[in-house]
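Student: Handing you a structure now.
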Amino acid sequence: MTTLLIHHHASLEHDNPPGHPERVDRIKAINQILSHSHFKALKRKQAPLGRDEDIVRVHPDGYLAQIREASPEEGFAQIDMDTFMSPGTLEAALRGVGAAVAGVDAVFGGEAHNVFCAMRPPGHHAEARRAMGFCLFNNAAIAALYARERYDAERVAVIDFDVHHGNGTQDIFWADGDLFYGSTHQMPLYPGTGAASETGVGNIFNAPLREGNGGPEFRDAMSTIILPALDAFGPDLVIISAGFDAHRADPLGGLNFTEEDFVWATLNIMEIADKHADSRVVSVLEGGYDLRALAASVAVHVQALIRGSGDLLARIPDDEDDDDGE
């Protein structure tokens, strides 16, 4: 498999107030792990700036103008209870949009079979007219609507295994039967959405998990609800909202996933993409707030994308990881 990593130093310029879990060190940990020789097969590309015309397919002009106007020249601007902007945030968020769109171009243009976008801030909580949950622009949804407009992708799916439900993606996809959203997540937990009864027009598939659930419950939910529905949908493109905060070490959730669970999910999603979508997968980073767990989980997720099988490369030694595991 040819795998493309899309990244940009602008992700390091988005600051949050001290003590905020969505911090610059997340990207530093990912950059460090993906610089290892195990990942020499990765193609790498800098994220372009996202274009207004791609953003406004999802977020109205007025919303985009509000985000631009809120961007501070110094200090922090508080957008909602836990979402902030610093002077470097706007470029970072626009590069996140650009990365997701460039990922779509790469898989439809034959540059890569699949893509991992290592960008922040995350996106799946951003609703069409509302920033929330650390998120300003919904990168996954923007990529989905771009693929439909630019490449006539008739059916686009987003699979989300973040510990938090992607209320924004669900909201944006809710009434469009040609868009699919499937999510496993802890419930009850922020943002309070994601019940199994939330089904849109038959295109929304939520499989909530209980606090303390781990790999067996996750794999059962994926195998009995999400993956069969995805297979029946027959996507032309699969986008992964790749949140790694369901890991047992993460401080913001109460699920007990291990790295092997993320590998299993990645490979099963790829299998369906192989069947229906000519292997096209674009994975965008969402959550993951324990640095060591995040780095290890991203490492195996990207290894799975590269190799397309469970035969992963040797584990990277712990001393190669960032030792700040808050």
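Convention: chains lettered A, B, ... in structure tokens order; per-chain residue numbering from 1; ligands numbered from 1 as shown.
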Looking only at the backbone, which of the residues in range 69-256 of chain A does DSSP tag as alpha helix (DSSP H), as a ChimeraX atom specification?
Tutor: /A:69-70,89-108,139-151,167-173,215-221,227-233
Student: Name the residues of range 192-247 of chain A that come out as strand (DSSP E) in a backbone DSSP run; write them as a PyMOL selection string.
Tutor: chain A and resi 204-209+237-242
Student: I'd like the neighbourhood of Leu64 in chain A as a list in words, where a residue qualifies if any of its atoms comes within 9 Å (using only C-alpha atoms), though same-chain residues fewer than 3 positions away should be ignored.
Tutor: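 Using only C-alpha atoms, the neighbours found are Asp52, Ile55, Val56, His59, Pro60, Asp61, Ile67, Arg68, Glu69, Arg129 and Phe137 of chain A.
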Student: Could you tell me which of A:Ala47, A:Ile306, A:Val24, A:Cys135 comes closest to Met81 in chain A if we count only C-alpha atoms?
Tutor: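 Of A:Ala47, A:Ile306, A:Val24, A:Cys135, the one nearest Met81 in chain A is A:Cys135, counting only C-alpha atoms.
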Student: My list of candidates is A:Thr224, A:Asn138, A:Gln170, A:Thr258. Which is closest to His124 in chain A when distances are computed with only C-alpha atoms?
Tutor: A:Asn138
Student: Out of A:Pro48, A:Gly109, A:Gly62, A:Gly308, which residue has the shortest atom-to-atom distance to Leu267 in chain A when counting only C-alpha atoms?
Tutor: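 For Leu267 in chain A, the nearest of the given residues is A:Gly308.
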Student: List the neighbours of range 18-21 of chain A out to 7 Å using only C-alpha atoms; skip same-chain residues closer than 2 positions along the sequence, and give me the result as a PyMOL selection string.
Tutor: chain A and resi 16+23+289
Student: Hey, can you spit out that residue selection with all heavy atoms as a PDB file, in the first residue's frame?
Tutor:
```pdb
ATOM      1  N   ASN A  16      -3.341  26.503  23.214  1.00  0.00           N
ATOM      2  CA  ASN A  16      -4.474  26.584  24.123  1.00  0.00           C
ATOM      3  C   ASN A  16      -3.955  27.040  25.485  1.00  0.00           C
ATOM      4  O   ASN A  16      -2.747  26.978  25.740  1.00  0.00           O
ATOM      5  CB  ASN A  16      -5.167  25.222  24.231  1.00  0.00           C
ATOM      6  CG  ASN A  16      -6.139  24.981  23.091  1.00  0.00           C
ATOM      7  OD1 ASN A  16      -7.017  25.788  22.823  1.00  0.00           O
ATOM      8  ND2 ASN A  16      -5.978  23.855  22.396  1.00  0.00           N
ATOM      9  N   ARG A  23      -3.067  19.995  23.301  1.00  0.00           N
ATOM     10  CA  ARG A  23      -1.873  20.832  23.369  1.00  0.00           C
ATOM     11  C   ARG A  23      -0.883  20.500  22.254  1.00  0.00           C
ATOM     12  O   ARG A  23      -0.990  19.458  21.606  1.00  0.00           O
ATOM     13  CB  ARG A  23      -1.197  20.687  24.725  1.00  0.00           C
ATOM     14  CG  ARG A  23      -0.769  19.267  25.097  1.00  0.00           C
ATOM     15  CD  ARG A  23      -0.669  19.174  26.625  1.00  0.00           C
ATOM     16  NE  ARG A  23       0.026  17.989  27.104  1.00  0.00           N
ATOM     17  CZ  ARG A  23      -0.552  16.796  27.257  1.00  0.00           C
ATOM     18  NH1 ARG A  23      -1.813  16.613  26.922  1.00  0.00           N
ATOM     19  NH2 ARG A  23       0.156  15.788  27.745  1.00  0.00           N
ATOM     20  N   TYR A 289      -5.072  12.079  24.124  1.00  0.00           N
ATOM     21  CA  TYR A 289      -4.503  13.097  25.000  1.00  0.00           C
ATOM     22  C   TYR A 289      -3.454  12.579  25.973  1.00  0.00           C
ATOM     23  O   TYR A 289      -2.803  13.372  26.638  1.00  0.00           O
ATOM     24  CB  TYR A 289      -5.650  13.822  25.738  1.00  0.00           C
ATOM     25  CG  TYR A 289      -6.622  14.386  24.744  1.00  0.00           C
ATOM     26  CD1 TYR A 289      -7.812  13.733  24.444  1.00  0.00           C
ATOM     27  CD2 TYR A 289      -6.297  15.523  24.015  1.00  0.00           C
ATOM     28  CE1 TYR A 289      -8.672  14.209  23.472  1.00  0.00           C
ATOM     29  CE2 TYR A 289      -7.150  16.015  23.036  1.00  0.00           C
ATOM     30  CZ  TYR A 289      -8.341  15.356  22.768  1.00  0.00           C
ATOM     31  OH  TYR A 289      -9.180  15.828  21.791  1.00  0.00           O
TER      32      TYR A 289
END
```
Student: Find the residues around Pro188 in chain A up to 10 Å (only C-alpha atoms counted), leave out those fewer than 4 positions away in its own chain, and share them as number ranges by chain.
Tutor: A: 164-165, 192-195, 208-211
Student: Output N, CA, C and O atoms for every residue in that selection, as a PDB file, in the first residue's frame.
Tutor:
```pdb
ATOM      1  N   HIS A 164     -15.234  10.187  22.144  1.00  0.00           N
ATOM      2  CA  HIS A 164     -16.352  11.121  22.156  1.00  0.00           C
ATOM      3  C   HIS A 164     -17.116  11.038  20.838  1.00  0.00           C
ATOM      4  O   HIS A 164     -16.518  10.912  19.770  1.00  0.00           O
ATOM      5  N   HIS A 165     -18.421  11.140  20.937  1.00  0.00           N
ATOM      6  CA  HIS A 165     -19.253  11.091  19.739  1.00  0.00           C
ATOM      7  C   HIS A 165     -19.016  12.325  18.872  1.00  0.00           C
ATOM      8  O   HIS A 165     -18.917  13.443  19.375  1.00  0.00           O
ATOM      9  N   GLY A 192     -22.800  14.280  24.755  1.00  0.00           N
ATOM     10  CA  GLY A 192     -24.145  13.868  25.147  1.00  0.00           C
ATOM     11  C   GLY A 192     -24.995  13.332  24.022  1.00  0.00           C
ATOM     12  O   GLY A 192     -26.141  12.921  24.239  1.00  0.00           O
ATOM     13  N   THR A 193     -24.471  13.318  22.809  1.00  0.00           N
ATOM     14  CA  THR A 193     -25.183  12.757  21.665  1.00  0.00           C
ATOM     15  C   THR A 193     -24.649  11.356  21.374  1.00  0.00           C
ATOM     16  O   THR A 193     -23.699  10.899  21.980  1.00  0.00           O
ATOM     17  N   GLY A 194     -25.279  10.679  20.417  1.00  0.00           N
ATOM     18  CA  GLY A 194     -24.757   9.400  19.953  1.00  0.00           C
ATOM     19  C   GLY A 194     -25.526   8.182  20.397  1.00  0.00           C
ATOM     20  O   GLY A 194     -24.994   7.070  20.373  1.00  0.00           O
ATOM     21  N   ALA A 195     -26.787   8.349  20.768  1.00  0.00           N
ATOM     22  CA  ALA A 195     -27.605   7.191  21.121  1.00  0.00           C
ATOM     23  C   ALA A 195     -27.867   6.348  19.880  1.00  0.00           C
ATOM     24  O   ALA A 195     -27.899   6.847  18.754  1.00  0.00           O
ATOM     25  N   PRO A 208     -22.970   3.012  20.874  1.00  0.00           N
ATOM     26  CA  PRO A 208     -22.367   3.523  22.109  1.00  0.00           C
ATOM     27  C   PRO A 208     -21.849   2.403  23.002  1.00  0.00           C
ATOM     28  O   PRO A 208     -22.426   1.308  23.057  1.00  0.00           O
ATOM     29  N   LEU A 209     -20.753   2.699  23.678  1.00  0.00           N
ATOM     30  CA  LEU A 209     -20.117   1.778  24.614  1.00  0.00           C
ATOM     31  C   LEU A 209     -20.219   2.352  26.019  1.00  0.00           C
ATOM     32  O   LEU A 209     -20.330   3.563  26.206  1.00  0.00           O
ATOM     33  N   ARG A 210     -20.142   1.475  27.013  1.00  0.00           N
ATOM     34  CA  ARG A 210     -20.212   1.906  28.406  1.00  0.00           C
ATOM     35  C   ARG A 210     -18.810   2.114  28.972  1.00  0.00           C
ATOM     36  O   ARG A 210     -17.845   1.472  28.536  1.00  0.00           O
ATOM     37  N   GLU A 211     -18.720   2.992  29.955  1.00  0.00           N
ATOM     38  CA  GLU A 211     -17.455   3.181  30.652  1.00  0.00           C
ATOM     39  C   GLU A 211     -16.920   1.833  31.115  1.00  0.00           C
ATOM     40  O   GLU A 211     -17.660   0.999  31.646  1.00  0.00           O
TER      41      GLU A 211
END
```
Student: For Arg95 in chain A, which of A:Val107, A:Ile30, A:Glu13, A:Val298 is the closest residue, counting only C-alpha atoms?
Tutor: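 Closest to Arg95 in chain A, using only C-alpha atoms: A:Glu13.
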Student: Select from range 278-299 of chain A every residue with an atom at most 7 Å from any atom of range 240-255 of chain A, then for each give the shortest pair of atoms and their distance in Å to one decimal, using only C-alpha atoms, rows by chain and rising number, as a Markdown table.
Tutor:
```
| residue | atom | partner | partner_atom | distance |
| --- | --- | --- | --- | --- |
| A:Val282 | CA | A:Ile240 | CA | 6.2 |
| A:Ser283 | CA | A:Ile240 | CA | 4.4 |
| A:Val284 | CA | A:Ser241 | CA | 5.4 |
| A:Leu285 | CA | A:Ala242 | CA | 4.9 |
| A:Glu286 | CA | A:Gly243 | CA | 4.4 |
| A:Gly287 | CA | A:Gly243 | CA | 4.2 |
| A:Gly288 | CA | A:Asp245 | CA | 4.0 |
| A:Tyr289 | CA | A:Asp250 | CA | 5.9 |
| A:Asp290 | CA | A:Asp250 | CA | 5.0 |
| A:Ala293 | CA | A:Ala249 | CA | 6.4 |
| A:Leu294 | CA | A:Phe244 | CA | 6.1 |
| A:Ser297 | CA | A:Phe244 | CA | 6.6 |
```
Student: Go ahead and write the selection's residues with all heavy atoms as a PDB file, in the first residue's frame.
Tutor:
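Contents of the output file again12.pdb:
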```
ATOM      1  N   VAL A 282      -9.007   8.024   3.752  1.00  0.00           N
ATOM      2  CA  VAL A 282      -8.370   9.237   4.277  1.00  0.00           C
ATOM      3  C   VAL A 282      -8.641   9.285   5.772  1.00  0.00           C
ATOM      4  O   VAL A 282      -9.798   9.340   6.193  1.00  0.00           O
ATOM      5  CB  VAL A 282      -8.900  10.511   3.594  1.00  0.00           C
ATOM      6  CG1 VAL A 282      -8.282  11.762   4.241  1.00  0.00           C
ATOM      7  CG2 VAL A 282      -8.611  10.486   2.099  1.00  0.00           C
ATOM      8  N   SER A 283      -7.583   9.233   6.557  1.00  0.00           N
ATOM      9  CA  SER A 283      -7.694   9.236   8.016  1.00  0.00           C
ATOM     10  C   SER A 283      -7.265  10.601   8.540  1.00  0.00           C
ATOM     11  O   SER A 283      -6.184  11.091   8.208  1.00  0.00           O
ATOM     12  CB  SER A 283      -6.804   8.141   8.610  1.00  0.00           C
ATOM     13  OG  SER A 283      -6.842   8.173  10.023  1.00  0.00           O
ATOM     14  N   VAL A 284      -8.126  11.221   9.359  1.00  0.00           N
ATOM     15  CA  VAL A 284      -7.823  12.532   9.931  1.00  0.00           C
ATOM     16  C   VAL A 284      -7.761  12.410  11.451  1.00  0.00           C
ATOM     17  O   VAL A 284      -8.614  11.777  12.067  1.00  0.00           O
ATOM     18  CB  VAL A 284      -8.852  13.602   9.501  1.00  0.00           C
ATOM     19  CG1 VAL A 284      -8.801  13.809   7.998  1.00  0.00           C
ATOM     20  CG2 VAL A 284     -10.259  13.248   9.933  1.00  0.00           C
ATOM     21  N   LEU A 285      -6.764  13.017  12.036  1.00  0.00           N
ATOM     22  CA  LEU A 285      -6.575  12.945  13.486  1.00  0.00           C
ATOM     23  C   LEU A 285      -7.684  13.694  14.209  1.00  0.00           C
ATOM     24  O   LEU A 285      -8.012  14.825  13.869  1.00  0.00           O
ATOM     25  CB  LEU A 285      -5.216  13.549  13.849  1.00  0.00           C
ATOM     26  CG  LEU A 285      -4.868  13.574  15.342  1.00  0.00           C
ATOM     27  CD1 LEU A 285      -4.676  12.163  15.882  1.00  0.00           C
ATOM     28  CD2 LEU A 285      -3.605  14.414  15.564  1.00  0.00           C
ATOM     29  N   GLU A 286      -8.221  13.037  15.238  1.00  0.00           N
ATOM     30  CA  GLU A 286      -9.171  13.687  16.137  1.00  0.00           C
ATOM     31  C   GLU A 286      -8.534  13.760  17.535  1.00  0.00           C
ATOM     32  O   GLU A 286      -7.569  14.458  17.741  1.00  0.00           O
ATOM     33  CB  GLU A 286     -10.516  12.950  16.130  1.00  0.00           C
ATOM     34  CG  GLU A 286     -11.178  12.849  14.765  1.00  0.00           C
ATOM     35  CD  GLU A 286     -11.799  14.140  14.240  1.00  0.00           C
ATOM     36  OE1 GLU A 286     -11.713  15.180  14.918  1.00  0.00           O
ATOM     37  OE2 GLU A 286     -12.350  14.116  13.111  1.00  0.00           O
ATOM     38  N   GLY A 287      -9.069  12.988  18.509  1.00  0.00           N
ATOM     39  CA  GLY A 287      -8.579  13.088  19.872  1.00  0.00           C
ATOM     40  C   GLY A 287      -7.426  12.141  20.174  1.00  0.00           C
ATOM     41  O   GLY A 287      -6.908  11.428  19.312  1.00  0.00           O
ATOM     42  N   GLY A 288      -7.056  12.123  21.477  1.00  0.00           N
ATOM     43  CA  GLY A 288      -5.926  11.344  21.967  1.00  0.00           C
ATOM     44  C   GLY A 288      -5.046  12.252  22.800  1.00  0.00           C
ATOM     45  O   GLY A 288      -4.350  13.105  22.233  1.00  0.00           O
ATOM     46  N   TYR A 289      -5.072  12.079  24.124  1.00  0.00           N
ATOM     47  CA  TYR A 289      -4.503  13.097  25.000  1.00  0.00           C
ATOM     48  C   TYR A 289      -3.454  12.579  25.973  1.00  0.00           C
ATOM     49  O   TYR A 289      -2.803  13.372  26.638  1.00  0.00           O
ATOM     50  CB  TYR A 289      -5.650  13.822  25.738  1.00  0.00           C
ATOM     51  CG  TYR A 289      -6.622  14.386  24.744  1.00  0.00           C
ATOM     52  CD1 TYR A 289      -7.812  13.733  24.444  1.00  0.00           C
ATOM     53  CD2 TYR A 289      -6.297  15.523  24.015  1.00  0.00           C
ATOM     54  CE1 TYR A 289      -8.672  14.209  23.472  1.00  0.00           C
ATOM     55  CE2 TYR A 289      -7.150  16.015  23.036  1.00  0.00           C
ATOM     56  CZ  TYR A 289      -8.341  15.356  22.768  1.00  0.00           C
ATOM     57  OH  TYR A 289      -9.180  15.828  21.791  1.00  0.00           O
ATOM     58  N   ASP A 290      -3.259  11.291  26.069  1.00  0.00           N
ATOM     59  CA  ASP A 290      -2.083  10.738  26.733  1.00  0.00           C
ATOM     60  C   ASP A 290      -1.009  10.611  25.656  1.00  0.00           C
ATOM     61  O   ASP A 290      -1.187   9.896  24.667  1.00  0.00           O
ATOM     62  CB  ASP A 290      -2.399   9.373  27.350  1.00  0.00           C
ATOM     63  CG  ASP A 290      -1.183   8.755  28.003  1.00  0.00           C
ATOM     64  OD1 ASP A 290      -0.355   8.162  27.268  1.00  0.00           O
ATOM     65  OD2 ASP A 290      -1.041   8.861  29.231  1.00  0.00           O
ATOM     66  N   ALA A 293       0.383   7.039  24.780  1.00  0.00           N
ATOM     67  CA  ALA A 293      -0.654   6.223  24.152  1.00  0.00           C
ATOM     68  C   ALA A 293      -0.994   6.748  22.768  1.00  0.00           C
ATOM     69  O   ALA A 293      -1.208   5.974  21.827  1.00  0.00           O
ATOM     70  CB  ALA A 293      -1.896   6.187  25.040  1.00  0.00           C
ATOM     71  N   LEU A 294      -1.045   8.062  22.625  1.00  0.00           N
ATOM     72  CA  LEU A 294      -1.329   8.654  21.313  1.00  0.00           C
ATOM     73  C   LEU A 294      -0.258   8.280  20.306  1.00  0.00           C
ATOM     74  O   LEU A 294      -0.561   7.832  19.186  1.00  0.00           O
ATOM     75  CB  LEU A 294      -1.419  10.175  21.456  1.00  0.00           C
ATOM     76  CG  LEU A 294      -1.549  10.963  20.153  1.00  0.00           C
ATOM     77  CD1 LEU A 294      -2.838  10.627  19.426  1.00  0.00           C
ATOM     78  CD2 LEU A 294      -1.465  12.469  20.437  1.00  0.00           C
ATOM     79  N   SER A 297      -0.464   4.581  19.434  1.00  0.00           N
ATOM     80  CA  SER A 297      -1.666   4.250  18.666  1.00  0.00           C
ATOM     81  C   SER A 297      -1.571   4.767  17.237  1.00  0.00           C
ATOM     82  O   SER A 297      -1.952   4.076  16.285  1.00  0.00           O
ATOM     83  CB  SER A 297      -2.897   4.825  19.368  1.00  0.00           C
ATOM     84  OG  SER A 297      -3.048   4.284  20.664  1.00  0.00           O
TER      85      SER A 297
END
```
Student: Leaving out Val104 in chain A and any residue of its chain fewer than 3 positions from it, which residues lie within 7 Å of it when counting only C-alpha atoms, given as a PyMOL selection string?
Tutor: chain A and resi 100-101+107-108+143+147+282
